[in-house]
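Reproduced below: protein-v2.txt, with compact mmCIF, C-alpha atoms and all ligand atoms.
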```txt
# COMPACT_ATOMS: atom_id res chain seq x y z
CA MET X 232 7.17 25.78 18.87
CA SER X 233 7.51 27.01 15.30
CA ALA X 234 4.76 29.28 14.05
CA SER X 235 4.44 27.20 10.89
CA LEU X 236 2.99 24.26 12.77
CA LYS X 237 -0.64 23.66 11.88
CA LEU X 238 -2.79 21.18 13.78
CA PRO X 239 -3.92 18.50 13.32
CA ILE X 240 -0.85 16.90 11.76
CA PHE X 241 -1.42 14.37 9.01
CA MET X 242 0.96 11.45 9.52
CA ASP X 243 -1.12 8.75 7.87
CA ASN X 244 0.29 8.77 4.33
CA ASN X 245 -0.06 5.00 3.93
CA SER X 246 -3.84 5.43 4.06
CA THR X 247 -4.00 8.26 1.54
CA THR X 248 -2.03 11.35 0.53
CA ARG X 249 -2.75 14.99 -0.05
CA CYS X 250 -3.19 15.75 -3.73
CA ASP X 251 -0.08 17.64 -4.83
CA PRO X 252 -1.03 21.21 -5.91
CA ARG X 253 0.88 20.62 -9.17
CA VAL X 254 -1.37 17.62 -9.84
CA VAL X 255 -4.51 19.67 -9.14
CA GLU X 256 -3.27 22.35 -11.51
CA ALA X 257 -2.75 19.82 -14.30
CA MET X 258 -6.28 18.47 -13.77
CA LEU X 259 -8.24 21.74 -13.67
CA PRO X 260 -8.50 22.53 -17.43
CA PHE X 261 -10.03 19.09 -17.96
CA PHE X 262 -13.06 20.03 -15.84
CA THR X 263 -13.79 23.41 -17.34
CA GLU X 264 -12.41 23.72 -20.88
CA ASN X 265 -11.24 20.38 -22.18
CA TYR X 266 -14.25 18.41 -21.01
CA GLY X 267 -14.60 16.17 -24.03
CA ASN X 268 -15.25 12.43 -23.91
CA ALA X 269 -11.98 10.69 -24.83
CA ALA X 270 -14.00 8.21 -26.90
CA SER X 271 -15.56 10.93 -29.11
CA ARG X 272 -13.85 10.58 -32.44
CA ASN X 273 -15.80 13.25 -34.35
CA HIS X 274 -14.60 16.53 -32.89
CA SER X 275 -11.73 18.33 -31.28
CA PHE X 276 -13.21 18.08 -27.76
CA GLY X 277 -12.80 14.34 -28.00
CA TRP X 278 -9.36 14.51 -29.62
CA VAL X 279 -7.98 16.83 -26.93
CA ALA X 280 -9.27 14.53 -24.19
CA GLU X 281 -7.92 11.45 -25.93
CA GLU X 282 -4.50 13.00 -26.38
CA ALA X 283 -4.38 13.88 -22.67
CA VAL X 284 -5.36 10.32 -21.74
CA GLU X 285 -2.71 8.80 -24.00
CA ASN X 286 -0.11 11.15 -22.56
CA ALA X 287 -1.08 10.07 -19.03
CA ARG X 288 -0.85 6.42 -20.06
CA GLU X 289 2.76 7.00 -21.12
CA GLN X 290 3.53 8.86 -17.87
CA VAL X 291 2.18 5.97 -15.79
CA GLY X 292 3.97 3.37 -17.90
CA ARG X 293 7.29 5.20 -17.71
CA LEU X 294 7.29 5.11 -13.90
CA ILE X 295 7.13 1.29 -13.85
CA GLY X 296 9.14 0.45 -16.96
CA ALA X 297 6.08 -0.37 -19.06
CA SER X 298 4.65 0.90 -22.32
CA GLY X 299 1.60 3.18 -22.15
CA LYS X 300 -0.29 0.60 -24.22
CA GLU X 301 -0.11 -1.79 -21.28
CA ILE X 302 -1.92 0.56 -18.86
CA ILE X 303 -5.65 0.08 -18.15
CA PHE X 304 -7.37 2.83 -16.15
CA THR X 305 -9.71 1.77 -13.33
CA SER X 306 -11.51 3.34 -10.37
CA GLY X 307 -8.67 2.48 -7.96
CA ALA X 308 -6.50 -0.33 -6.76
CA THR X 309 -9.41 -2.30 -5.32
CA GLU X 310 -10.81 -2.58 -8.83
CA SER X 311 -7.36 -3.20 -10.34
CA ASN X 312 -6.76 -6.09 -7.93
CA ASN X 313 -10.22 -7.54 -8.60
CA LEU X 314 -9.74 -7.23 -12.36
CA ALA X 315 -6.29 -8.85 -12.25
CA ILE X 316 -7.23 -11.76 -9.98
CA LYS X 317 -10.77 -12.53 -11.15
CA GLY X 318 -9.91 -11.64 -14.75
CA VAL X 319 -7.04 -14.15 -14.83
CA ALA X 320 -9.02 -16.77 -12.90
CA SER X 321 -11.87 -16.64 -15.36
CA MET X 322 -9.69 -16.47 -18.50
CA TYR X 323 -7.27 -19.25 -17.52
CA ARG X 324 -9.67 -21.53 -15.67
CA LYS X 325 -9.21 -24.36 -18.18
CA LYS X 326 -5.48 -24.26 -17.52
CA GLY X 327 -5.84 -24.58 -13.76
CA ASN X 328 -7.68 -23.46 -10.64
CA HIS X 329 -4.83 -22.73 -8.22
CA ILE X 330 -3.75 -19.28 -7.01
CA ILE X 331 -0.92 -18.40 -4.62
CA THR X 332 -0.89 -15.28 -2.45
CA THR X 333 0.24 -14.27 1.06
CA VAL X 334 -1.44 -13.86 4.43
CA ILE X 335 -0.51 -10.16 4.66
CA GLU X 336 -2.08 -8.92 1.44
CA HIS X 337 -4.52 -6.01 1.47
CA LYS X 338 -8.20 -7.00 1.72
CA ALA X 339 -8.57 -5.95 -1.91
CA VAL X 340 -6.51 -9.06 -2.77
CA LEU X 341 -7.63 -11.40 0.02
CA ASP X 342 -11.35 -10.88 -0.50
CA PRO X 343 -11.34 -11.58 -4.27
CA CYS X 344 -9.31 -14.71 -3.47
CA LYS X 345 -11.90 -15.77 -0.89
CA ARG X 346 -14.68 -15.30 -3.41
CA LEU X 347 -12.79 -17.45 -5.92
CA GLU X 348 -12.46 -20.16 -3.26
CA ARG X 349 -16.25 -20.17 -2.96
CA ASP X 350 -16.34 -20.58 -6.74
CA GLY X 351 -14.15 -23.68 -6.71
CA PHE X 352 -10.65 -22.25 -6.90
CA GLU X 353 -7.88 -23.32 -4.56
CA VAL X 354 -5.86 -20.58 -2.92
CA THR X 355 -2.57 -21.02 -1.05
CA TYR X 356 -1.90 -18.26 1.49
CA LEU X 357 1.85 -18.20 2.11
CA PRO X 358 3.14 -17.22 5.55
CA VAL X 359 5.72 -14.48 6.10
CA ASP X 360 8.74 -14.27 8.40
CA LYS X 361 8.98 -12.02 11.46
CA TYR X 362 9.79 -9.05 9.22
CA GLY X 363 6.83 -9.71 6.96
CA GLN X 364 8.77 -11.14 4.02
CA VAL X 365 7.79 -14.11 1.87
CA ALA X 366 10.53 -16.61 1.04
CA PRO X 367 10.81 -17.01 -2.76
CA GLU X 368 11.57 -20.73 -2.22
CA GLN X 369 8.15 -21.09 -0.60
CA VAL X 370 6.55 -19.61 -3.69
CA ALA X 371 8.47 -22.12 -5.81
CA GLN X 372 7.39 -25.00 -3.58
CA ALA X 373 3.74 -23.98 -3.66
CA ILE X 374 3.49 -23.93 -7.48
CA THR X 375 1.74 -26.96 -8.97
CA GLU X 376 0.71 -27.76 -12.55
CA LYS X 377 -2.67 -26.23 -11.68
CA THR X 378 -1.24 -22.86 -10.62
CA ILE X 379 -2.28 -19.99 -12.88
CA LEU X 380 -1.42 -16.92 -10.79
CA VAL X 381 0.89 -15.74 -8.02
CA SER X 382 -0.12 -12.47 -6.32
CA VAL X 383 2.36 -10.90 -3.87
CA MET X 384 2.22 -7.26 -2.81
CA ALA X 385 5.25 -5.04 -3.45
CA ALA X 386 5.14 -3.27 -0.09
CA ASN X 387 2.88 -3.78 2.88
CA ASN X 388 0.57 -0.92 3.81
CA GLU X 389 0.83 -1.45 7.58
CA ILE X 390 4.45 -2.37 8.26
CA GLY X 391 6.08 -1.08 5.07
CA THR X 392 7.99 -4.30 4.38
CA LEU X 393 9.18 -4.74 0.78
CA GLN X 394 8.92 -8.15 -0.86
CA PRO X 395 11.64 -9.80 -2.99
CA LEU X 396 9.68 -9.20 -6.20
CA ALA X 397 12.48 -9.88 -8.69
CA ALA X 398 13.20 -13.31 -7.17
CA ILE X 399 9.50 -14.22 -7.13
CA GLY X 400 9.04 -12.90 -10.67
CA ALA X 401 11.94 -15.04 -11.94
CA ILE X 402 10.39 -18.15 -10.36
CA CYS X 403 7.01 -17.43 -11.93
CA LYS X 404 8.61 -16.85 -15.33
CA ALA X 405 10.56 -20.11 -15.14
CA ARG X 406 7.40 -22.03 -14.19
CA GLY X 407 5.11 -20.33 -16.69
CA VAL X 408 2.83 -18.82 -14.03
CA LEU X 409 1.47 -15.26 -14.23
CA PHE X 410 2.74 -12.86 -11.56
CA HIS X 411 0.55 -10.06 -10.19
CA THR X 412 1.68 -7.50 -7.63
CA ASP X 413 -0.38 -5.01 -5.65
CA ALA X 414 2.20 -2.22 -5.87
CA VAL X 415 0.02 0.56 -4.45
CA GLN X 416 2.40 1.45 -1.63
CA ALA X 417 5.60 0.97 -3.62
CA VAL X 418 5.03 2.81 -6.88
CA GLY X 419 6.75 6.18 -6.83
CA LYS X 420 8.33 5.41 -3.42
CA VAL X 421 10.83 2.67 -4.28
CA PRO X 422 12.10 1.43 -7.68
CA VAL X 423 9.54 -0.75 -9.48
CA ASP X 424 10.28 -2.15 -12.93
CA VAL X 425 7.98 -4.69 -14.54
CA GLU X 426 10.72 -6.01 -16.83
CA ALA X 427 13.47 -6.37 -14.24
CA MET X 428 11.02 -7.90 -11.76
CA GLY X 429 9.20 -10.23 -14.15
CA ILE X 430 5.81 -8.70 -13.33
CA ASP X 431 2.85 -9.53 -15.60
CA LEU X 432 0.13 -7.52 -13.82
CA LEU X 433 0.54 -4.58 -11.45
CA SER X 434 -2.04 -2.57 -9.50
CA LEU X 435 -1.59 1.04 -8.47
CA THR X 436 -3.78 3.92 -7.32
CA ALA X 437 -3.46 7.70 -7.65
CA HIS X 438 -4.45 8.71 -4.11
CA LYS X 439 -1.47 6.96 -2.45
CA LEU X 440 0.80 8.85 -4.83
CA TYR X 441 -0.28 12.49 -4.25
CA GLY X 442 -2.97 12.16 -6.92
CA PRO X 443 -6.80 12.17 -6.81
CA LYS X 444 -8.99 9.55 -5.12
CA GLY X 445 -11.04 7.20 -7.24
CA LEU X 446 -8.56 6.56 -10.04
CA GLY X 447 -6.25 3.61 -10.41
CA ALA X 448 -4.50 1.62 -13.07
CA LEU X 449 -3.68 -1.96 -13.90
CA TYR X 450 -0.58 -2.80 -15.90
CA VAL X 451 -1.30 -5.77 -18.16
CA ARG X 452 1.71 -7.26 -19.97
CA ARG X 453 1.34 -7.31 -23.77
CA LYS X 454 4.22 -9.58 -24.73
CA ASN X 455 6.33 -12.40 -23.21
CA PRO X 456 3.64 -13.43 -22.43
CA ARG X 457 0.60 -11.54 -23.68
CA VAL X 458 -1.75 -11.59 -20.68
CA ARG X 459 -5.46 -11.94 -21.33
CA LEU X 460 -8.21 -10.99 -18.92
CA ASP X 461 -11.95 -11.46 -18.71
CA ALA X 462 -13.53 -8.08 -17.97
CA LEU X 463 -15.53 -7.54 -14.78
CA MET X 464 -18.02 -5.26 -16.51
CA ASP X 465 -19.51 -5.26 -19.94
CA GLY X 466 -20.10 -2.03 -21.80
CA GLY X 467 -18.55 0.05 -24.52
CA GLY X 468 -15.36 -1.96 -24.80
CA HIS X 469 -13.07 0.82 -23.59
CA GLU X 470 -9.52 0.05 -22.44
CA ARG X 471 -8.93 -2.81 -24.90
CA GLY X 472 -12.18 -4.38 -23.76
CA MET X 473 -10.89 -4.92 -20.25
CA ARG X 474 -12.63 -1.99 -18.56
CA SER X 475 -15.69 -0.43 -20.10
CA GLY X 476 -16.90 3.00 -19.05
CA THR X 477 -16.27 6.61 -20.04
CA LEU X 478 -12.76 7.55 -18.99
CA ALA X 479 -12.37 9.89 -16.00
CA VAL X 480 -10.21 12.30 -17.99
CA PRO X 481 -9.37 14.86 -15.23
CA SER X 482 -8.39 12.13 -12.79
CA ILE X 483 -6.41 10.26 -15.43
CA VAL X 484 -4.51 13.46 -16.20
CA GLY X 485 -3.96 13.75 -12.43
CA LEU X 486 -2.55 10.24 -12.15
CA GLY X 487 -0.24 10.91 -15.10
CA ALA X 488 1.04 14.13 -13.53
CA ALA X 489 1.44 12.39 -10.15
CA CYS X 490 3.50 9.62 -11.75
CA GLU X 491 5.73 12.03 -13.62
CA LEU X 492 6.32 14.04 -10.43
CA ALA X 493 7.02 10.90 -8.44
CA GLY X 494 9.61 9.79 -10.98
CA LYS X 495 11.38 13.16 -10.77
CA LEU X 496 11.23 13.51 -7.00
CA ARG X 497 11.65 9.93 -5.83
CA GLU X 498 15.34 9.89 -5.07
CA SER X 499 15.49 13.19 -3.21
CA GLU X 500 12.21 12.43 -1.46
CA THR X 501 13.55 9.08 -0.29
CA GLN X 502 16.59 10.72 1.30
CA ARG X 503 14.42 13.32 3.01
CA LEU X 504 11.95 10.74 4.32
CA LEU X 505 14.69 8.42 5.58
CA SER X 506 16.18 11.28 7.53
CA LEU X 507 12.82 12.40 8.95
CA ARG X 508 11.93 8.83 9.90
CA LYS X 509 15.26 8.38 11.65
CA ARG X 510 14.66 11.62 13.54
CA LEU X 511 11.22 10.37 14.62
CA HIS X 512 12.47 6.95 15.67
CA ASP X 513 15.57 8.22 17.46
CA GLY X 514 13.67 11.04 19.14
CA ILE X 515 11.08 8.66 20.56
CA THR X 516 13.46 5.89 21.61
CA ALA X 517 15.93 8.34 23.17
CA GLU X 518 13.38 8.91 25.93
CA LEU X 519 11.21 5.79 25.89
CA GLY X 520 12.17 2.18 26.48
CA ASP X 521 10.21 -0.93 25.45
CA VAL X 522 9.49 0.40 21.98
CA GLY X 523 9.75 -2.07 19.09
CA VAL X 524 9.80 -1.59 15.33
CA ASN X 525 7.37 -3.74 13.35
CA GLY X 526 8.44 -4.76 9.86
CA HIS X 527 11.81 -5.05 8.20
CA PRO X 528 14.60 -2.78 9.57
CA THR X 529 15.91 -1.83 6.10
CA ASP X 530 13.77 -3.45 3.37
CA ARG X 531 10.89 -1.08 3.99
CA LEU X 532 9.13 1.95 2.57
CA PRO X 533 11.10 5.10 3.39
CA GLY X 534 8.08 6.91 4.88
CA ASN X 535 6.73 4.10 7.06
CA LEU X 536 7.47 3.61 10.75
CA ASN X 537 5.35 1.11 12.69
CA LEU X 538 6.08 1.07 16.42
CA SER X 539 4.80 -1.00 19.34
CA PHE X 540 4.70 0.69 22.73
CA ALA X 541 4.62 -1.98 25.44
CA PHE X 542 2.44 -1.28 28.49
CA VAL X 543 0.16 1.23 26.87
CA GLU X 544 -3.33 0.64 25.58
CA GLY X 545 -3.66 1.54 21.91
CA GLU X 546 -6.92 3.45 22.03
CA ALA X 547 -5.79 5.46 25.05
CA MET X 548 -2.58 6.18 23.18
CA MET X 549 -4.54 7.46 20.17
CA MET X 550 -6.48 9.77 22.48
CA GLY X 551 -3.21 10.96 23.98
CA ILE X 552 -1.88 12.05 20.60
CA ARG X 553 -5.18 13.43 19.36
CA ASP X 554 -3.54 16.21 17.31
CA VAL X 555 -1.67 13.66 15.22
CA ALA X 556 -3.50 11.64 12.56
CA VAL X 557 -1.99 8.14 12.61
CA SER X 558 -3.31 4.57 12.40
CA SER X 559 -3.32 2.02 15.19
CA GLY X 560 -2.68 -1.71 15.09
CA SER X 561 -6.32 -2.36 15.76
CA ALA X 562 -8.36 -2.77 12.64
CA CYS X 563 -11.49 -0.95 13.71
CA THR X 564 -12.95 -1.27 10.24
CA SER X 565 -15.62 -3.49 11.65
CA ALA X 566 -17.58 -2.96 14.84
CA SER X 567 -15.15 -5.17 16.75
CA LEU X 568 -11.66 -4.07 17.66
CA GLU X 569 -9.61 -6.87 16.11
CA PRO X 570 -5.85 -6.76 16.29
CA SER X 571 -4.30 -6.32 12.85
CA TYR X 572 -3.93 -9.58 10.90
CA VAL X 573 -0.67 -8.29 9.45
CA LEU X 574 0.90 -7.77 12.89
CA ARG X 575 -0.45 -11.17 13.94
CA ALA X 576 1.17 -12.77 10.89
CA ILE X 577 4.61 -11.45 11.87
CA GLY X 578 4.19 -12.81 15.39
CA VAL X 579 3.19 -9.67 17.29
CA GLY X 580 0.92 -10.65 20.18
CA ASP X 581 -2.57 -9.20 20.43
CA GLU X 582 -1.58 -7.02 23.37
CA LEU X 583 1.33 -5.40 21.52
CA ALA X 584 -0.66 -5.19 18.29
CA HIS X 585 -3.21 -3.02 20.10
CA SER X 586 -0.41 -0.73 21.26
CA SER X 587 1.07 -0.35 17.78
CA ILE X 588 1.03 2.90 15.85
CA ARG X 589 1.71 3.36 12.17
CA PHE X 590 3.41 6.66 11.35
CA GLY X 591 3.12 7.39 7.63
CA LEU X 592 5.45 10.19 6.59
CA GLY X 593 5.07 11.82 3.22
CA ARG X 594 5.98 14.55 0.77
CA PHE X 595 4.44 17.27 2.94
CA THR X 596 5.74 16.11 6.33
CA THR X 597 8.03 18.70 7.94
CA GLU X 598 10.77 18.51 10.54
CA THR X 599 8.70 20.77 12.80
CA GLU X 600 5.86 18.26 12.64
CA ILE X 601 8.21 15.39 13.45
CA ASP X 602 9.51 17.21 16.52
CA PHE X 603 5.98 17.94 17.70
CA VAL X 604 4.96 14.30 17.24
CA ILE X 605 8.01 13.11 19.20
CA ARG X 606 7.01 15.29 22.20
CA GLN X 607 3.36 14.21 21.99
CA VAL X 608 4.21 10.52 21.86
CA ILE X 609 6.69 10.70 24.73
CA THR X 610 4.25 12.62 26.93
CA ALA X 611 1.35 10.28 26.13
CA VAL X 612 3.31 7.07 26.66
CA ASN X 613 4.90 8.25 29.92
CA HIS X 614 1.51 9.32 31.21
CA LEU X 615 -0.14 6.00 30.34
CA ARG X 616 2.72 3.95 31.72
CA GLU X 617 2.64 5.86 35.01
CA MET X 618 -0.89 4.56 35.47
CA SER X 619 -0.02 1.00 34.51
CA PRO X 620 0.52 -1.51 37.34
CA LEU X 621 2.03 -3.93 34.79
CA TYR X 622 4.64 -1.38 33.83
CA GLU X 623 5.39 -0.82 37.52
CA MET X 624 6.04 -4.56 37.98
CA HIS X 625 8.11 -4.69 34.79
CA LYS X 626 10.29 -1.84 36.05
CA GLN X 627 10.86 -3.75 39.29
CA GLY X 628 12.25 -6.59 37.22
CA ILE X 629 9.33 -8.96 37.58
CA ASP X 630 9.00 -11.26 34.57
CA LEU X 631 5.32 -10.82 33.77
CA SER X 632 5.15 -14.04 31.78
CA THR X 633 5.84 -16.01 34.98
CA VAL X 634 3.19 -14.31 37.10
CA ALA X 635 0.30 -16.58 38.05
CA TRP X 636 -2.68 -14.27 37.67
CA ALA X 637 -5.68 -14.90 39.90
CA ALA X 638 -8.69 -15.90 37.90
CA HIS X 639 -11.82 -13.87 38.30
C1 LIG X 701 -4.93 1.56 -0.37
C2 LIG X 701 -4.57 0.23 -0.85
C3 LIG X 701 -5.40 -0.49 -1.73
C4 LIG X 701 -6.76 0.04 -2.16
O1 LIG X 701 -6.64 1.09 -3.07
P1 LIG X 701 -7.93 1.95 -3.48
O2 LIG X 701 -7.49 2.76 -4.64
O3 LIG X 701 -8.25 2.79 -2.29
O4 LIG X 701 -9.02 1.01 -3.84
C5 LIG X 701 -4.98 -1.71 -2.16
N1 LIG X 701 -3.81 -2.23 -1.78
C6 LIG X 701 -2.98 -1.58 -0.94
C7 LIG X 701 -1.69 -2.22 -0.53
C8 LIG X 701 -3.34 -0.35 -0.44
O5 LIG X 701 -2.52 0.28 0.41
```
So that I can check it, write out the structure of this file as structure tokens.
Ligand SMILES: *Cc1c(COP(=O)(O)O)cnc(C)c1O
Amino acid sequence: MSASLKLPIFMDNNSTTRCDPRVVEAMLPFFTENYGNAASRNHSFGWVAEEAVENAREQVGRLIGASGKEIIFTSGATESNNLAIKGVASMYRKKGNHIITTVIEHKAVLDPCKRLERDGFEVTYLPVDKYGQVAPEQVAQAITEKTILVSVMAANNEIGTLQPLAAIGAICKARGVLFHTDAVQAVGKVPVDVEAMGIDLLSLTAHKLYGPKGLGALYVRRKNPRVRLDALMDGGGHERGMRSGTLAVPSIVGLGAACELAGKLRESETQRLLSLRKRLHDGITAELGDVGVNGHPTDRLPGNLNLSFAFVEGEAMMMGIRDVAVSSGSACTSASLEPSYVLRAIGVGDELAHSSIRFGLGRFTTETEIDFVIRQVITAVNHLREMSPLYEMHKQGIDLSTVAWAAH
């Protein structure tokens, strides 16, 4: 084993990322020296802060093909999604009360939609295919004269599947419906361009992009069409009135730096991640059978690999690879251990969902780590399968779906 291997290994980059040291360095002066309030117009402390904020706005805009003027800073993507969805719903209510989204969105989209349903809105939750993709024709079919917003995520956080944004954007444009995308997982990882994809509103967050936690942004289109939003909070009228509150200057500078870095590194990083992911997948499947990939084989985030290991129990599996930080297909956010609704939506049974592991590779993942994870996974799965009577029967060629189990 290489001496450079440090445990535990972080392989959960879809949940958050390490702040890049270059981002931290860019932020530091804004805690200790340039600590002005960006809204202070009367002195140089304020001007320096404001200039840094405006520079960051441009850096964020550039990464997604937008102008800096169209970027609103928020506390994260949860707020960005809430502001986009509730802000549009409230502003355009007279035009209609219908919203279209998908069943595999992040809770930060689904929950605002559920609240709007309680407030009299109608929400259509589109299904996805076995790879987790929405059919653009289904979006087109779901649009009525009451539809005011379509919200489809750019890339799924669990299975990494990319959505056909440009096709959906073109449909929305043609039908005069606003198009929002939760692009948290995609920005900086795959090409995202608000013009080419017909996007009117886009949510992103710094901490999934090697930036600080607690800082996000919402892109709000300014022309063709000019999107208007009702604010969630009232206050000093910052951010063109859409998001009041003193700007978090150090974090904003961090997001700007993270976006600029991501733009520079994206192509080389993609190649590196694709090769590491292939190594991980091939290494595991070279020695283990009955392993399935969840999500789209090619239309997916370069750093995401979601695997199902038949005949192992997910929680036992997690214990078996204790030195590796990954996520399982069981959403243990609540007290109950529910199988993931995303895996369910793509047709993965509850049993397999519980035995699914999401490997999230990132900028700081090394080949040494990948090789260690491969060994850990193989050892854990073999060990658990040795103890499994079901696996024993499966190996003997018994079709388990035909077995009449005795009731107890
Ligand atoms: C992480 C994540 C969010 C939430 O972002 P926060 O900044 O943590 O609020 C929203 N959507 C997706 C797809 C995510 O992965």
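Comparing X:Leu463, X:Cys250, X:Val291, X:Val480 by their smallest distance to X:Trp278, the closest is X:Val480 (using all atoms listed in the file).
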- Show which residues sit within 12 Å of X:Ile552, as a PyMOL selection string. Count all atoms listed in the file, and ignore same-chain residues fewer than 5 positions away. chain X and resi 238-242+545-547+557-559+588+590+603-612+614-615
- Task: Find the distance between atom CA of X:Val370 and atom CA of X:Ile402 and write it in Å to one decimal.
- Result: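 Answer for the atom CA of X:Val370 to atom CA of X:Ile402 separation: 7.8 Å.
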- Given all atoms listed in the file as the counted atoms, nearest of X:His337, X:Lys626, X:Arg349, X:Arg293 to ligand LIG 701 (chain X): X:His337
- Query: Nearest to ligand LIG 701 (chain X): which of X:Leu478, X:Leu492, X:Ala541, X:Val383 is it, counting all atoms listed in the file?
  - Reply: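 The closest residue to ligand LIG 701 (chain X) is X:Val383.
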- Message: Neighbours of ligand LIG 701 (chain X) at 10 Å or closer, counting only C-alpha atoms and all ligand atoms: which residues, as a PyMOL selection string?
- Response: chain X and resi 244-247+305-313+335-340+384-389+391+412-417+434-439+443-448
Suppose we keep C-alpha atoms; can you now write the selection as a compact mmCIF listing (two decimals), keeping the file's coordinate frame?
```txt
# COMPACT_ATOMS: atom_id res chain seq x y z
CA ASN X 244 0.29 8.77 4.33
CA ASN X 245 -0.06 5.00 3.93
CA SER X 246 -3.84 5.43 4.06
CA THR X 247 -4.00 8.26 1.54
CA THR X 305 -9.71 1.77 -13.33
CA SER X 306 -11.51 3.34 -10.37
CA GLY X 307 -8.67 2.48 -7.96
CA ALA X 308 -6.50 -0.33 -6.76
CA THR X 309 -9.41 -2.30 -5.32
CA GLU X 310 -10.81 -2.58 -8.83
CA SER X 311 -7.36 -3.20 -10.34
CA ASN X 312 -6.76 -6.09 -7.93
CA ASN X 313 -10.22 -7.54 -8.60
CA ILE X 335 -0.51 -10.16 4.66
CA GLU X 336 -2.08 -8.92 1.44
CA HIS X 337 -4.52 -6.01 1.47
CA LYS X 338 -8.20 -7.00 1.72
CA ALA X 339 -8.57 -5.95 -1.91
CA VAL X 340 -6.51 -9.06 -2.77
CA MET X 384 2.22 -7.26 -2.81
CA ALA X 385 5.25 -5.04 -3.45
CA ALA X 386 5.14 -3.27 -0.09
CA ASN X 387 2.88 -3.78 2.88
CA ASN X 388 0.57 -0.92 3.81
CA GLU X 389 0.83 -1.45 7.58
CA GLY X 391 6.08 -1.08 5.07
CA THR X 412 1.68 -7.50 -7.63
CA ASP X 413 -0.38 -5.01 -5.65
CA ALA X 414 2.20 -2.22 -5.87
CA VAL X 415 0.02 0.56 -4.45
CA GLN X 416 2.40 1.45 -1.63
CA ALA X 417 5.60 0.97 -3.62
CA SER X 434 -2.04 -2.57 -9.50
CA LEU X 435 -1.59 1.04 -8.47
CA THR X 436 -3.78 3.92 -7.32
CA ALA X 437 -3.46 7.70 -7.65
CA HIS X 438 -4.45 8.71 -4.11
CA LYS X 439 -1.47 6.96 -2.45
CA PRO X 443 -6.80 12.17 -6.81
CA LYS X 444 -8.99 9.55 -5.12
CA GLY X 445 -11.04 7.20 -7.24
CA LEU X 446 -8.56 6.56 -10.04
CA GLY X 447 -6.25 3.61 -10.41
CA ALA X 448 -4.50 1.62 -13.07
```
- Message: Need to verify the contact set: X:Arg471, 12 Å, only C-alpha atoms, exclusion of same-chain residues closer than 3 positions in sequence. Can you return it as a PyMOL selection string?
- Response: chain X and resi 300-304+451+453+459-462+465-468+474-476
How would the residues just chosen look if you wrote them out with C-alpha atoms as an mmCIF file, in the frame of the given file?
```cif
data_model
loop_
_atom_site.group_PDB
_atom_site.id
_atom_site.type_symbol
_atom_site.label_atom_id
_atom_site.label_comp_id
_atom_site.auth_asym_id
_atom_site.auth_seq_id
_atom_site.Cartn_x
_atom_site.Cartn_y
_atom_site.Cartn_z
ATOM 1 C CA LYS X 300 -0.290 0.600 -24.220
ATOM 2 C CA GLU X 301 -0.110 -1.790 -21.280
ATOM 3 C CA ILE X 302 -1.920 0.560 -18.860
ATOM 4 C CA ILE X 303 -5.650 0.080 -18.150
ATOM 5 C CA PHE X 304 -7.370 2.830 -16.150
ATOM 6 C CA VAL X 451 -1.300 -5.770 -18.160
ATOM 7 C CA ARG X 453 1.340 -7.310 -23.770
ATOM 8 C CA ARG X 459 -5.460 -11.940 -21.330
ATOM 9 C CA LEU X 460 -8.210 -10.990 -18.920
ATOM 10 C CA ASP X 461 -11.950 -11.460 -18.710
ATOM 11 C CA ALA X 462 -13.530 -8.080 -17.970
ATOM 12 C CA ASP X 465 -19.510 -5.260 -19.940
ATOM 13 C CA GLY X 466 -20.100 -2.030 -21.800
ATOM 14 C CA GLY X 467 -18.550 0.050 -24.520
ATOM 15 C CA GLY X 468 -15.360 -1.960 -24.800
ATOM 16 C CA ARG X 474 -12.630 -1.990 -18.560
ATOM 17 C CA SER X 475 -15.690 -0.430 -20.100
ATOM 18 C CA GLY X 476 -16.900 3.000 -19.050
#
```
Would you pick out the contacts of X:Gly267 at 10 Å or less, using all atoms listed in the file, so that residues sharing its chain but fewer than 3 positions from it are not included, and give the list as a compact mmCIF listing (two decimals) with C-alpha atoms, in the coordinates of the input?
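The resulting file, part.txt, is shown below:
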```
# COMPACT_ATOMS: atom_id res chain seq x y z
CA PHE X 261 -10.03 19.09 -17.96
CA PHE X 262 -13.06 20.03 -15.84
CA THR X 263 -13.79 23.41 -17.34
CA GLU X 264 -12.41 23.72 -20.88
CA ALA X 270 -14.00 8.21 -26.90
CA SER X 271 -15.56 10.93 -29.11
CA HIS X 274 -14.60 16.53 -32.89
CA SER X 275 -11.73 18.33 -31.28
CA PHE X 276 -13.21 18.08 -27.76
CA GLY X 277 -12.80 14.34 -28.00
CA TRP X 278 -9.36 14.51 -29.62
CA VAL X 279 -7.98 16.83 -26.93
CA ALA X 280 -9.27 14.53 -24.19
CA GLU X 281 -7.92 11.45 -25.93
CA VAL X 480 -10.21 12.30 -17.99
```
Set the distance at 10 Å and use only C-alpha atoms: which residues neighbour X:Glu582 once local chain neighbours fewer than 3 positions away are removed? I'd like the list as a compact mmCIF listing (two decimals) with C-alpha atoms, in the coordinates of the input.
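Everything below was put into selection-v6.txt:
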```
# COMPACT_ATOMS: atom_id res chain seq x y z
CA SER X 539 4.80 -1.00 19.34
CA PHE X 540 4.70 0.69 22.73
CA ALA X 541 4.62 -1.98 25.44
CA PHE X 542 2.44 -1.28 28.49
CA VAL X 543 0.16 1.23 26.87
CA GLU X 544 -3.33 0.64 25.58
CA GLY X 545 -3.66 1.54 21.91
CA GLY X 560 -2.68 -1.71 15.09
CA PRO X 570 -5.85 -6.76 16.29
CA VAL X 579 3.19 -9.67 17.29
CA HIS X 585 -3.21 -3.02 20.10
CA SER X 586 -0.41 -0.73 21.26
CA SER X 587 1.07 -0.35 17.78
```
